[in-house]
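Encoded as structure tokens, the structure appears first; notes follow it.
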Amino acid sequence: MTRYIAQRLLILPLLMVIYSFVIFLIIQAPPGDFLTAYVATLASSGSSISADQIAALRHQYGLDQPFLVQYFLWMQNLLHGDFGLSLEYQRPNADLISEQLGLTLALALFSFVLTWAIAVPAGIYSATHPRSLIDHVLTVINYVGVATPNFMLALILMWLAFAYFDINVSGLFSPEFVDAPWSFARVGDLLFHIWLPGLVLGIAGTARLSRIMRANLLDELNKPYVVTARAKGMREWRLVLRYPVRLAFNPLVSTIGWYLPALFSGSLIVATVMNLPNIGPLLLRALINQDMYLAGGILLIYSFLTIVGTLLSDVLLALLDPRIRVES
Amino acid sequence: MPLTRIAIEGAVNQQTPLLQVRDLRVSFQLDEGVVRAVDGTSFDVMPGQVLGIVGESGCGKSVTMKAILQLVDRPGRIDTGEIKFLRSDGETVDLVKLPPRGAMIRQIRGGEIALIPQEPMASFSPVHTVGDQIIEAILLHSHRWEQGGRKISKREARKITIGLFRDVGISMPEQRVDAYSWQLSGGLRQRAMIAMALSCKPRLLIADEPTTAIDVTTQAQVLALLRDLQVKYNTAIIFITHDLGVIAQMASYVVVMYLGRVMEQGPVDAIFHAPKHPYTRALLRSIPSMYGQTRVALPVISGTLPHPFNRPPGCPFHPRCADVMPACSVGVPRLMPVGDDQLASCFLHHNEAEPV
Ligand SMILES: Nc1ncnc2c1ncn2[C@@H]1O[C@H](COP(=O)(O)OP(=O)(O)OP(=O)(O)O)[C@@H](O)[C@H]1O
Ligand code: SF4
Ligand SMILES: [Mg+2]
């Protein structure tokens with residue numbers, strides 16, 4: 001087991017190198033560069049810049065270097081923990097990202113926990129009471145949850161909150177706390193505001209997860225070992241939790257890997273609509289303006305989270321399932 | 001008192017039966033229609049007796065056994081019937097009347113009636129060690145092991161489990177308790193299952209085809225083991241199989257089932273040497289040599305098994321019966337005494353039909 005984890009950890013740097021190359025390829029792929037985009041923006045606002053100035057800037061940013069040279073320079077800096085300078089904001093990318101990363105992570109984790117806390121019990125109830133009234137109600141809610149785009153849900157909820165309760169639920173903070181330094185009051189304010197975006201971001205996942213839980217558990221409940229456990233004289237709810245739920249859970253655990261990064265990237269539209277301090281809009285802007293080192297940095301963090309998430313779910317799965325643990 | 005009951009009680013000796021199944025009916029309400037899996041089955045199990053049940057696949061053997069423990073899967077349910085069980089305190093309870101999740105049936109399950117399920121391969125949870133699952137059973141019914149009213153601990157339960165493993169012939173029991181079921185061979189898994197069933201000293205053991213999934217040599221060992229244990233603890237056993245050879249080795253009394261009904265029952269000698277029912281005769285005729293082979297799958301009888309939704313009217317066997325008469329497709333023959341100690345449901349031997 002320890003060896004298995006160690007092996008996986010050793011591959012991690014290699015994967016990161018491969019990912020970084022692919023990312024660089026992709027952010028370089030659109031025609032032109034930051035400066036062409038910059039010139040276009042200037043032109044649309046009526047001002048202009050001389051060709052000489054552009055050439056000078058291009059040289060200064062290293063944009064005139066061959067692709068591979070640019071990549072190696074980028075990697076070299078990254079290895080020293082330097083994410084480079086944002087071409088657009090003229091500030092260190094590391095600062096720009098870390099300003100958003102904390103809250104993005106907090107929101108993602110919150111909605112992740114909320115998703116599991118709702119989906120798993122709901123799935124268990126549905127599977128143990130199939131075709132009951134509550135099962136049917138949950139099924140309908142789930143279909144609506146999967147089918148409603150989350151930004152629309154966000155708009156509806158925001159409108160309801162504003163129209164009927166007169167509260168403004170956009171953002172993660174009340175206006176007076178947006179730029180305030182961290183304090184207990186600010187954390188409290190965050191906890192008050194995080195529910196709605198957390199729910200909006202998690203609702204589709206919750207619906208999907210509880211459907212999976214229901215289907216898995218229904219399968220497991222038909223397995224002979226459940227009859228064995230009943231024939232021992234166990235209490236029904238105890239045996240359901242101890243045996244079939246445990247087994248129905250395993251396939252869910254392997255979804256954690258892709259679920260975590262999906263929460264980050266999936267939040268773009270919602271974050272824009274709800275005005276959340278979130279990494280999604282930052283990435284979108286960076287991509288539009290071809291602010292390539294900023295975009296690259298964010299994408300690298302996404303990839304890192306994906307790899308870590310996968311590793312995490314593999315380790316969890318091995319811990320839960322002796323069939324995997326013993327074989328690895 | 002219904003006729004069948006008088007008939008059955010007259011046919012066996014005066015001892016009180018451990019288990020009396022009377023006119024049991026279990027059906028499954030499916031979207032496609034109703035499956036009458038058990039359709040009026042009656043038999044007795046005497047204390048310490050080995051009762052063999054034979055019948056083709058799908059004739060309702062497993063469903064009958066699940067009904068005894070109130071374990072019929074959704075959407076199945078027990079429609080009517082009685083299952084009287086003589087508890088260890090001398091009380092007789094009707095298991096059909098007990099709430100399936102209530103305390104009393106849970107005491108009886110595992111504690112007084114144990115089940116060796118039909119699929120030994122999948123009958124242990126793959127993510128818990130076999131030892132854990134057996135220890136759990138012992139702790140659930142720990143009063144059956146207590147000495148002087150003292151609760152037994154988990155460590156003692158583990159010791160008991162190791163002892164049971166030794167009893168059922170599992171080598172290296174100390175290591176095997178910590179194994180997962182998929183780490184054990186088929187034979188070992190079956191032995192572990194038997195150990196679990198015996199773990200609470202049941203008075204009735206239901207073995208649902210305990211030897212189908214294992215090879216011939218192991219099969220013989222498992223059968224010998226069950227016989228030894230039966231003698232040692234005087235446990236009554238209901239032994240279900242397709243294999244008439246195994247019945248001949250194991251059972252003292254035989255019940256022959258067809259489409260959820262008992263066709264014939266009687267002592268093993270009478271059934272093998274003087275079968276009364278055409279179905280039993282057909283079964284026996286098609287075995288080449290009864291004692292020559294250990295494993296004989298139930299022989300093919302002319303005609304096909306009717307579709308579960310499409311039960312024939314009258315005698316369930318009449319579309320395939322060689323001796324069929326006009327009356328056979330009208331009334332359902334009852335299970336009645338035939339000869340000294342046998343019962344058969346066939347109009348060749350009596351004229352009693354089930355009330356419509
Ligand atoms: N869960 C279920 N849902 C629907 N029908 C069922 C179910 N379980 C059993 N049946 C039906 O009940 C009938 C009897 O099944 P049962 O399992 O008792 O047969 P069996 O005699 O044990 O056969 P085998 O020798 O193959 O084990 C079958 O016709 C089957 O279709
Ligand atoms: S009742 Fe008729 S059909 Fe049925 S077994 Fe007897 S003779 Fe055959
Ligand atoms: Mg069966």
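Following the order of the structure tokens, first chain is A, next is B, and so on, with residues numbered from 1 inside each chain and ligands from 1 in the order they appear.
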
* To do: Give the residue list for ligand 3 at 10 Å, counting only C-alpha atoms and all ligand atoms, as an NGL selection string, sorted by chain and then by residue number.
  => :B and (55-66 or 117-119 or 208-209 or 240-242)

Export, as an mmCIF file, in the first residue's frame, the selected residues with N, CA and C atoms.
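Below is the file result_4.cif, written as the result:
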data_model
loop_
_atom_site.group_PDB
_atom_site.id
_atom_site.type_symbol
_atom_site.label_atom_id
_atom_site.label_comp_id
_atom_site.auth_asym_id
_atom_site.auth_seq_id
_atom_site.Cartn_x
_atom_site.Cartn_y
_atom_site.Cartn_z
ATOM 1 N N GLY B 55 -36.331 -31.351 -6.629
ATOM 2 C CA GLY B 55 -37.254 -30.760 -7.584
ATOM 3 C C GLY B 55 -36.449 -30.011 -8.620
ATOM 4 N N GLU B 56 -37.055 -29.859 -9.806
ATOM 5 C CA GLU B 56 -36.356 -29.170 -10.883
ATOM 6 C C GLU B 56 -36.137 -27.701 -10.532
ATOM 7 N N SER B 57 -35.217 -27.104 -11.251
ATOM 8 C CA SER B 57 -34.915 -25.695 -11.046
ATOM 9 C C SER B 57 -36.184 -24.857 -11.177
ATOM 10 N N GLY B 58 -36.388 -23.938 -10.253
ATOM 11 C CA GLY B 58 -37.539 -23.035 -10.343
ATOM 12 C C GLY B 58 -38.807 -23.583 -9.720
ATOM 13 N N CYS B 59 -38.722 -24.744 -9.042
ATOM 14 C CA CYS B 59 -39.958 -25.309 -8.492
ATOM 15 C C CYS B 59 -40.288 -24.718 -7.128
ATOM 16 N N GLY B 60 -39.471 -23.763 -6.657
ATOM 17 C CA GLY B 60 -39.842 -23.051 -5.437
ATOM 18 C C GLY B 60 -39.142 -23.521 -4.180
ATOM 19 N N LYS B 61 -38.063 -24.263 -4.322
ATOM 20 C CA LYS B 61 -37.371 -24.763 -3.133
ATOM 21 C C LYS B 61 -36.768 -23.611 -2.325
ATOM 22 N N SER B 62 -35.997 -22.777 -3.005
ATOM 23 C CA SER B 62 -35.345 -21.678 -2.282
ATOM 24 C C SER B 62 -36.357 -20.700 -1.718
ATOM 25 N N VAL B 63 -37.397 -20.417 -2.491
ATOM 26 C CA VAL B 63 -38.404 -19.462 -2.008
ATOM 27 C C VAL B 63 -39.078 -20.015 -0.753
ATOM 28 N N THR B 64 -39.360 -21.325 -0.726
ATOM 29 C CA THR B 64 -39.947 -21.922 0.475
ATOM 30 C C THR B 64 -39.031 -21.713 1.675
ATOM 31 N N MET B 65 -37.728 -21.924 1.468
ATOM 32 C CA MET B 65 -36.782 -21.782 2.578
ATOM 33 C C MET B 65 -36.699 -20.341 3.046
ATOM 34 N N LYS B 66 -36.703 -19.402 2.072
ATOM 35 C CA LYS B 66 -36.667 -17.989 2.458
ATOM 36 C C LYS B 66 -37.928 -17.613 3.217
ATOM 37 N N PRO B 117 -26.806 -20.425 2.349
ATOM 38 C CA PRO B 117 -27.465 -19.969 1.134
ATOM 39 C C PRO B 117 -26.973 -20.707 -0.106
ATOM 40 N N GLN B 118 -27.769 -20.540 -1.171
ATOM 41 C CA GLN B 118 -27.490 -21.295 -2.388
ATOM 42 C C GLN B 118 -26.211 -20.842 -3.087
ATOM 43 N N GLU B 119 -25.875 -19.551 -2.994
ATOM 44 C CA GLU B 119 -24.680 -19.077 -3.720
ATOM 45 C C GLU B 119 -23.543 -18.837 -2.751
ATOM 46 N N ASP B 208 -29.199 -25.019 1.376
ATOM 47 C CA ASP B 208 -29.786 -24.864 0.042
ATOM 48 C C ASP B 208 -28.730 -25.185 -1.010
ATOM 49 N N GLU B 209 -28.773 -26.380 -1.522
ATOM 50 C CA GLU B 209 -27.803 -26.855 -2.510
ATOM 51 C C GLU B 209 -26.368 -26.518 -2.106
ATOM 52 N N ILE B 240 -31.442 -29.336 0.483
ATOM 53 C CA ILE B 240 -32.029 -29.122 -0.839
ATOM 54 C C ILE B 240 -31.025 -29.477 -1.913
ATOM 55 N N THR B 241 -31.454 -30.204 -2.912
ATOM 56 C CA THR B 241 -30.531 -30.548 -3.988
ATOM 57 C C THR B 241 -31.300 -30.937 -5.237
ATOM 58 N N HIS B 242 -30.589 -30.918 -6.365
ATOM 59 C CA HIS B 242 -31.133 -31.463 -7.613
ATOM 60 C C HIS B 242 -30.758 -32.922 -7.731
#

* **Neighbour list for segment 304-310 of chain A as a PyMOL selection string, cut-off 6 Å, only C-alpha atoms, skip fewer than 3 positions in-chain** => chain A and resi 257+261+301+313

* To do: Identify which of the residues B:His273, B:Pro326, B:Pro47, B:Gly314 lies closest to Pro355 of chain B, counting only C-alpha atoms when measuring atom-to-atom distances.
  => B:Gly314

* To do: Restrict the distance test to only C-alpha atoms, flag each residue of chain B within 9 Å of chain A, and return the flagged residues as JSON, numbers by chain.
  => {"B": [69, 71, 73, 101, 102, 103, 105, 106, 107, 108, 109, 110, 111, 113, 114, 115, 116, 117, 118, 119, 120, 121, 122, 123, 124, 125, 126, 127, 128, 133, 136, 137, 138, 140, 141, 180, 182, 196, 197]}

Taking the chain letters and numbering used in this document, name the residues of segment 25-272 of chain B that DSSP puts in strand (DSSP E or B), as a tab-separated table (two decimals) with N, CA and C atoms, in the first residue's frame.
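Printed below is states-v4.tsv as written:
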chain	number	residue	atom	x	y	z
B	25	ARG	N	-48.23	-20.54	0.56
B	25	ARG	CA	-48.32	-19.93	-0.78
B	25	ARG	C	-47.55	-18.62	-0.81
B	26	VAL	N	-46.61	-18.54	-1.75
B	26	VAL	CA	-45.80	-17.33	-1.91
B	26	VAL	C	-45.91	-16.90	-3.36
B	27	SER	N	-46.20	-15.60	-3.58
B	27	SER	CA	-46.28	-15.15	-4.97
B	27	SER	C	-45.45	-13.89	-5.18
B	28	PHE	N	-45.03	-13.70	-6.41
B	28	PHE	CA	-44.31	-12.49	-6.80
B	28	PHE	C	-45.19	-11.69	-7.74
B	29	GLN	N	-45.51	-10.48	-7.34
B	29	GLN	CA	-46.32	-9.60	-8.20
B	29	GLN	C	-45.39	-8.84	-9.11
B	30	LEU	N	-45.25	-9.30	-10.33
B	30	LEU	CA	-44.37	-8.62	-11.27
B	30	LEU	C	-45.22	-7.81	-12.25
B	33	GLY	N	-47.01	-10.04	-14.62
B	33	GLY	CA	-48.04	-10.92	-14.11
B	33	GLY	C	-47.63	-11.46	-12.75
B	34	VAL	N	-48.40	-12.43	-12.27
B	34	VAL	CA	-48.13	-12.97	-10.94
B	34	VAL	C	-47.44	-14.32	-11.07
B	35	VAL	N	-46.31	-14.48	-10.37
B	35	VAL	CA	-45.64	-15.78	-10.34
B	35	VAL	C	-46.00	-16.46	-9.03
B	36	ARG	N	-46.70	-17.62	-9.13
B	36	ARG	CA	-47.01	-18.34	-7.90
B	36	ARG	C	-45.87	-19.31	-7.64
B	37	ALA	N	-44.84	-18.83	-6.95
B	37	ALA	CA	-43.61	-19.59	-6.78
B	37	ALA	C	-43.82	-20.78	-5.86
B	38	VAL	N	-44.59	-20.57	-4.79
B	38	VAL	CA	-44.93	-21.66	-3.89
B	38	VAL	C	-46.45	-21.68	-3.82
B	39	ASP	N	-47.05	-22.85	-4.10
B	39	ASP	CA	-48.49	-22.86	-4.35
B	39	ASP	C	-49.17	-23.97	-3.55
B	40	GLY	N	-49.06	-23.86	-2.23
B	40	GLY	CA	-49.71	-24.87	-1.40
B	40	GLY	C	-48.78	-26.00	-1.03
B	41	THR	N	-47.68	-25.66	-0.38
B	41	THR	CA	-46.70	-26.67	0.01
B	41	THR	C	-46.87	-27.02	1.48
B	42	SER	N	-46.80	-28.33	1.79
B	42	SER	CA	-46.89	-28.76	3.18
B	42	SER	C	-45.85	-29.85	3.44
B	43	PHE	N	-45.14	-29.74	4.54
B	43	PHE	CA	-44.25	-30.82	4.98
B	43	PHE	C	-43.87	-30.58	6.43
B	44	ASP	N	-43.30	-31.59	7.08
B	44	ASP	CA	-42.86	-31.49	8.47
B	44	ASP	C	-41.37	-31.78	8.55
B	45	VAL	N	-40.73	-31.19	9.55
B	45	VAL	CA	-39.36	-31.58	9.88
B	45	VAL	C	-39.36	-32.00	11.33
B	50	VAL	N	-32.93	-35.48	8.96
B	50	VAL	CA	-32.45	-34.86	7.73
B	50	VAL	C	-33.52	-35.04	6.67
B	51	LEU	N	-34.09	-33.92	6.26
B	51	LEU	CA	-35.16	-33.95	5.27
B	51	LEU	C	-34.58	-33.49	3.94
B	52	GLY	N	-34.72	-34.32	2.92
B	52	GLY	CA	-34.22	-33.92	1.60
B	52	GLY	C	-35.35	-33.34	0.78
B	53	ILE	N	-35.08	-32.24	0.06
B	53	ILE	CA	-36.08	-31.70	-0.87
B	53	ILE	C	-35.49	-31.72	-2.27
B	54	VAL	N	-36.17	-32.39	-3.19
B	54	VAL	CA	-35.72	-32.40	-4.59
B	54	VAL	C	-36.77	-31.77	-5.47
B	76	GLY	N	-41.89	-10.29	-3.73
B	76	GLY	CA	-42.58	-11.51	-3.31
B	76	GLY	C	-43.25	-11.34	-1.96
B	77	ARG	N	-44.35	-12.10	-1.73
B	77	ARG	CA	-44.90	-12.09	-0.39
B	77	ARG	C	-45.63	-13.39	-0.10
B	78	ILE	N	-45.68	-13.69	1.19
B	78	ILE	CA	-46.38	-14.89	1.62
B	78	ILE	C	-47.87	-14.58	1.62
B	79	ASP	N	-48.63	-15.32	0.82
B	79	ASP	CA	-50.06	-15.03	0.74
B	79	ASP	C	-50.83	-15.71	1.86
B	80	THR	N	-50.65	-17.02	1.97
B	80	THR	CA	-51.33	-17.73	3.05
B	80	THR	C	-50.42	-18.85	3.53
B	81	GLY	N	-50.88	-19.54	4.56
B	81	GLY	CA	-50.14	-20.70	5.03
B	81	GLY	C	-49.66	-20.52	6.45
B	82	GLU	N	-49.17	-21.62	6.99
B	82	GLU	CA	-48.65	-21.62	8.36
B	82	GLU	C	-47.27	-22.21	8.35
B	83	ILE	N	-46.38	-21.65	9.15
B	83	ILE	CA	-45.08	-22.27	9.36
B	83	ILE	C	-44.88	-22.31	10.88
B	84	LYS	N	-45.24	-23.43	11.48
B	84	LYS	CA	-45.16	-23.54	12.94
B	84	LYS	C	-43.79	-24.04	13.33
B	85	PHE	N	-43.13	-23.28	14.20
B	85	PHE	CA	-41.79	-23.66	14.62
B	85	PHE	C	-41.77	-23.85	16.13
B	86	LEU	N	-41.19	-24.97	16.56
B	86	LEU	CA	-41.09	-25.27	17.98
B	86	LEU	C	-39.81	-24.64	18.51
B	92	THR	N	-44.53	-22.85	20.61
B	92	THR	CA	-44.65	-22.98	19.17
B	92	THR	C	-45.09	-21.63	18.61
B	93	VAL	N	-44.34	-21.11	17.60
B	93	VAL	CA	-44.75	-19.84	16.99
B	93	VAL	C	-45.04	-20.07	15.52
B	94	ASP	N	-45.97	-19.28	14.98
B	94	ASP	CA	-46.23	-19.31	13.55
B	94	ASP	C	-45.36	-18.23	12.90
B	113	ILE	N	-32.73	-21.11	13.62
B	113	ILE	CA	-32.77	-21.66	12.26
B	113	ILE	C	-31.66	-20.97	11.47
B	114	ALA	N	-30.70	-21.75	10.98
B	114	ALA	CA	-29.61	-21.15	10.22
B	114	ALA	C	-29.73	-21.57	8.77
B	115	LEU	N	-29.23	-20.68	7.90
B	115	LEU	CA	-29.36	-20.91	6.47
B	115	LEU	C	-27.97	-20.96	5.83
B	116	ILE	N	-27.72	-22.02	5.07
B	116	ILE	CA	-26.54	-22.02	4.20
B	116	ILE	C	-27.07	-21.67	2.82
B	129	THR	N	-13.70	-9.41	6.37
B	129	THR	CA	-13.11	-10.74	6.48
B	129	THR	C	-14.19	-11.74	6.88
B	180	TYR	N	-10.25	-12.77	3.38
B	180	TYR	CA	-11.47	-12.35	2.70
B	180	TYR	C	-11.99	-13.54	1.90
B	204	LEU	N	-32.23	-26.05	13.67
B	204	LEU	CA	-32.60	-26.43	12.31
B	204	LEU	C	-31.63	-25.74	11.35
B	205	LEU	N	-31.03	-26.55	10.47
B	205	LEU	CA	-30.10	-26.00	9.51
B	205	LEU	C	-30.70	-26.19	8.13
B	206	ILE	N	-30.80	-25.08	7.37
B	206	ILE	CA	-31.31	-25.19	6.01
B	206	ILE	C	-30.13	-25.10	5.06
B	207	ALA	N	-29.84	-26.19	4.36
B	207	ALA	CA	-28.71	-26.19	3.44
B	207	ALA	C	-29.27	-26.19	2.03
B	208	ASP	N	-29.20	-25.02	1.38
B	208	ASP	CA	-29.79	-24.86	0.04
B	208	ASP	C	-28.73	-25.19	-1.01
B	236	ALA	N	-31.43	-30.75	13.20
B	236	ALA	CA	-32.26	-31.14	12.06
B	236	ALA	C	-31.76	-30.39	10.83
B	237	ILE	N	-31.80	-31.04	9.68
B	237	ILE	CA	-31.32	-30.39	8.47
B	237	ILE	C	-32.37	-30.51	7.37
B	238	ILE	N	-32.64	-29.38	6.71
B	238	ILE	CA	-33.39	-29.46	5.44
B	238	ILE	C	-32.35	-29.36	4.35
B	239	PHE	N	-32.28	-30.40	3.56
B	239	PHE	CA	-31.20	-30.50	2.58
B	239	PHE	C	-31.79	-30.40	1.19
B	240	ILE	N	-31.44	-29.34	0.48
B	240	ILE	CA	-32.03	-29.12	-0.84
B	240	ILE	C	-31.02	-29.48	-1.91
B	241	THR	N	-31.45	-30.20	-2.91
B	241	THR	CA	-30.53	-30.55	-3.99
B	241	THR	C	-31.30	-30.94	-5.24
B	253	TYR	N	-35.77	-38.74	4.96
B	253	TYR	CA	-37.13	-38.48	4.51
B	253	TYR	C	-37.02	-37.55	3.30
B	254	VAL	N	-37.89	-37.73	2.31
B	254	VAL	CA	-37.75	-36.97	1.07
B	254	VAL	C	-39.05	-36.26	0.71
B	255	VAL	N	-38.92	-35.02	0.26
B	255	VAL	CA	-40.05	-34.27	-0.28
B	255	VAL	C	-39.75	-33.99	-1.74
B	256	VAL	N	-40.67	-34.37	-2.64
B	256	VAL	CA	-40.47	-34.12	-4.06
B	256	VAL	C	-41.38	-32.96	-4.47
B	257	MET	N	-40.78	-31.88	-4.99
B	257	MET	CA	-41.58	-30.70	-5.34
B	257	MET	C	-41.65	-30.51	-6.85
B	258	TYR	N	-42.78	-29.95	-7.29
B	258	TYR	CA	-42.94	-29.60	-8.69
B	258	TYR	C	-43.84	-28.36	-8.77
B	261	ARG	N	-45.50	-27.10	-5.59
B	261	ARG	CA	-46.33	-28.02	-4.81
B	261	ARG	C	-45.56	-29.29	-4.49
B	262	VAL	N	-45.97	-29.93	-3.39
B	262	VAL	CA	-45.36	-31.21	-3.05
B	262	VAL	C	-46.06	-32.31	-3.84
B	263	MET	N	-45.31	-33.07	-4.63
B	263	MET	CA	-45.89	-34.16	-5.40
B	263	MET	C	-45.97	-35.43	-4.56
B	264	GLU	N	-44.89	-35.65	-3.82
B	264	GLU	CA	-44.85	-36.88	-3.04
B	264	GLU	C	-43.87	-36.68	-1.90
B	265	GLN	N	-44.13	-37.35	-0.77
B	265	GLN	CA	-43.14	-37.36	0.29
B	265	GLN	C	-43.21	-38.66	1.06
B	266	GLY	N	-42.08	-39.02	1.66
B	266	GLY	CA	-42.04	-40.27	2.41
B	266	GLY	C	-40.62	-40.61	2.80
B	267	PRO	N	-40.44	-41.70	3.54
B	267	PRO	CA	-39.09	-42.12	3.91
B	267	PRO	C	-38.27	-42.42	2.66

* Could you tell me, counting only C-alpha atoms and all ligand atoms, which protein and nucleic acid residues lie no more than 8 Å from ligand 2, written as a ChimeraX atom specification? => /B:263,277-279,314-325,327-329,332-333,345-349

* Using only C-alpha atoms and all ligand atoms, which residue out of B:Arg74, B:Lys159, B:Arg22, B:Arg281 lies closest to ligand 1? ->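 Going through B:Arg74, B:Lys159, B:Arg22, B:Arg281 one by one, the smallest distance to ligand 1 is for B:Arg74.
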
* To do: Would you mind reading off the distance between atom CA of Lys276 of chain B and atom CA of Gly339 of chain B, one decimal, in Å?
  => 8.9 Å

* Asked: Near His129 of chain A, within 12 Å and counting only C-alpha atoms, which residues show up once chain neighbours fewer than 3 positions away are dropped, as a ChimeraX atom specification?
  -> /A:122-126,132-138,214,217-218,221,237 /B:74

Include N, CA and C atoms and write out the residues we just selected as a PDB file, in the first residue's frame.
ATOM      1  N   ALA A 122     -29.791  10.684   0.676  1.00  0.00           N
ATOM      2  CA  ALA A 122     -30.959  10.634  -0.212  1.00  0.00           C
ATOM      3  C   ALA A 122     -30.927   9.361  -1.053  1.00  0.00           C
ATOM      4  N   GLY A 123     -29.746   9.027  -1.567  1.00  0.00           N
ATOM      5  CA  GLY A 123     -29.613   7.809  -2.374  1.00  0.00           C
ATOM      6  C   GLY A 123     -29.922   6.568  -1.559  1.00  0.00           C
ATOM      7  N   ILE A 124     -29.457   6.540  -0.310  1.00  0.00           N
ATOM      8  CA  ILE A 124     -29.710   5.378   0.544  1.00  0.00           C
ATOM      9  C   ILE A 124     -31.209   5.245   0.804  1.00  0.00           C
ATOM     10  N   TYR A 125     -31.848   6.388   1.097  1.00  0.00           N
ATOM     11  CA  TYR A 125     -33.276   6.314   1.375  1.00  0.00           C
ATOM     12  C   TYR A 125     -34.041   5.805   0.157  1.00  0.00           C
ATOM     13  N   SER A 126     -33.722   6.361  -1.009  1.00  0.00           N
ATOM     14  CA  SER A 126     -34.432   5.960  -2.228  1.00  0.00           C
ATOM     15  C   SER A 126     -34.266   4.469  -2.507  1.00  0.00           C
ATOM     16  N   SER A 132     -41.397   4.305  -3.254  1.00  0.00           N
ATOM     17  CA  SER A 132     -42.192   4.972  -2.235  1.00  0.00           C
ATOM     18  C   SER A 132     -42.434   6.409  -2.692  1.00  0.00           C
ATOM     19  N   LEU A 133     -43.326   7.098  -1.993  1.00  0.00           N
ATOM     20  CA  LEU A 133     -43.647   8.464  -2.386  1.00  0.00           C
ATOM     21  C   LEU A 133     -42.391   9.336  -2.374  1.00  0.00           C
ATOM     22  N   ILE A 134     -41.622   9.224  -1.277  1.00  0.00           N
ATOM     23  CA  ILE A 134     -40.437  10.073  -1.161  1.00  0.00           C
ATOM     24  C   ILE A 134     -39.422   9.740  -2.251  1.00  0.00           C
ATOM     25  N   ASP A 135     -39.314   8.449  -2.602  1.00  0.00           N
ATOM     26  CA  ASP A 135     -38.415   8.070  -3.688  1.00  0.00           C
ATOM     27  C   ASP A 135     -38.828   8.767  -4.981  1.00  0.00           C
ATOM     28  N   HIS A 136     -40.123   8.761  -5.266  1.00  0.00           N
ATOM     29  CA  HIS A 136     -40.595   9.420  -6.488  1.00  0.00           C
ATOM     30  C   HIS A 136     -40.313  10.917  -6.447  1.00  0.00           C
ATOM     31  N   VAL A 137     -40.575  11.534  -5.292  1.00  0.00           N
ATOM     32  CA  VAL A 137     -40.316  12.977  -5.160  1.00  0.00           C
ATOM     33  C   VAL A 137     -38.839  13.264  -5.395  1.00  0.00           C
ATOM     34  N   LEU A 138     -37.971  12.463  -4.763  1.00  0.00           N
ATOM     35  CA  LEU A 138     -36.535  12.669  -4.932  1.00  0.00           C
ATOM     36  C   LEU A 138     -36.125  12.488  -6.394  1.00  0.00           C
ATOM     37  N   ARG A 214     -28.225   5.526  -5.518  1.00  0.00           N
ATOM     38  CA  ARG A 214     -29.449   4.734  -5.514  1.00  0.00           C
ATOM     39  C   ARG A 214     -29.281   3.489  -6.373  1.00  0.00           C
ATOM     40  N   LEU A 217     -26.764   1.005  -4.866  1.00  0.00           N
ATOM     41  CA  LEU A 217     -27.264   0.357  -3.652  1.00  0.00           C
ATOM     42  C   LEU A 217     -28.364  -0.653  -4.011  1.00  0.00           C
ATOM     43  N   LEU A 218     -29.217  -0.294  -4.974  1.00  0.00           N
ATOM     44  CA  LEU A 218     -30.256  -1.245  -5.397  1.00  0.00           C
ATOM     45  C   LEU A 218     -29.612  -2.534  -5.894  1.00  0.00           C
ATOM     46  N   LEU A 221     -28.196  -4.414  -2.881  1.00  0.00           N
ATOM     47  CA  LEU A 221     -29.212  -4.990  -2.001  1.00  0.00           C
ATOM     48  C   LEU A 221     -29.717  -6.339  -2.502  1.00  0.00           C
ATOM     49  N   TRP A 237     -31.540  -1.882   9.375  1.00  0.00           N
ATOM     50  CA  TRP A 237     -30.775  -0.662   9.055  1.00  0.00           C
ATOM     51  C   TRP A 237     -29.295  -0.858   9.322  1.00  0.00           C
TER      52      TRP A 237
ATOM     53  N   ARG B  74     -38.487  -8.736  -2.077  1.00  0.00           N
ATOM     54  CA  ARG B  74     -39.450  -7.952  -2.804  1.00  0.00           C
ATOM     55  C   ARG B  74     -39.377  -8.341  -4.278  1.00  0.00           C
TER      56      ARG B  74
END

* Structure fact -> Correct to one decimal, the distance atom CA of Ala67 of chain B-atom 29 (O, counted along the ligand's line) of ligand 1 is 14.5 Å

* **Separation of atom CA of Gly102 of chain A from atom CA of Leu78 of chain A, in Å and rounded to one decimal** =>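 Between these atoms lies a distance of 20.1 Å.
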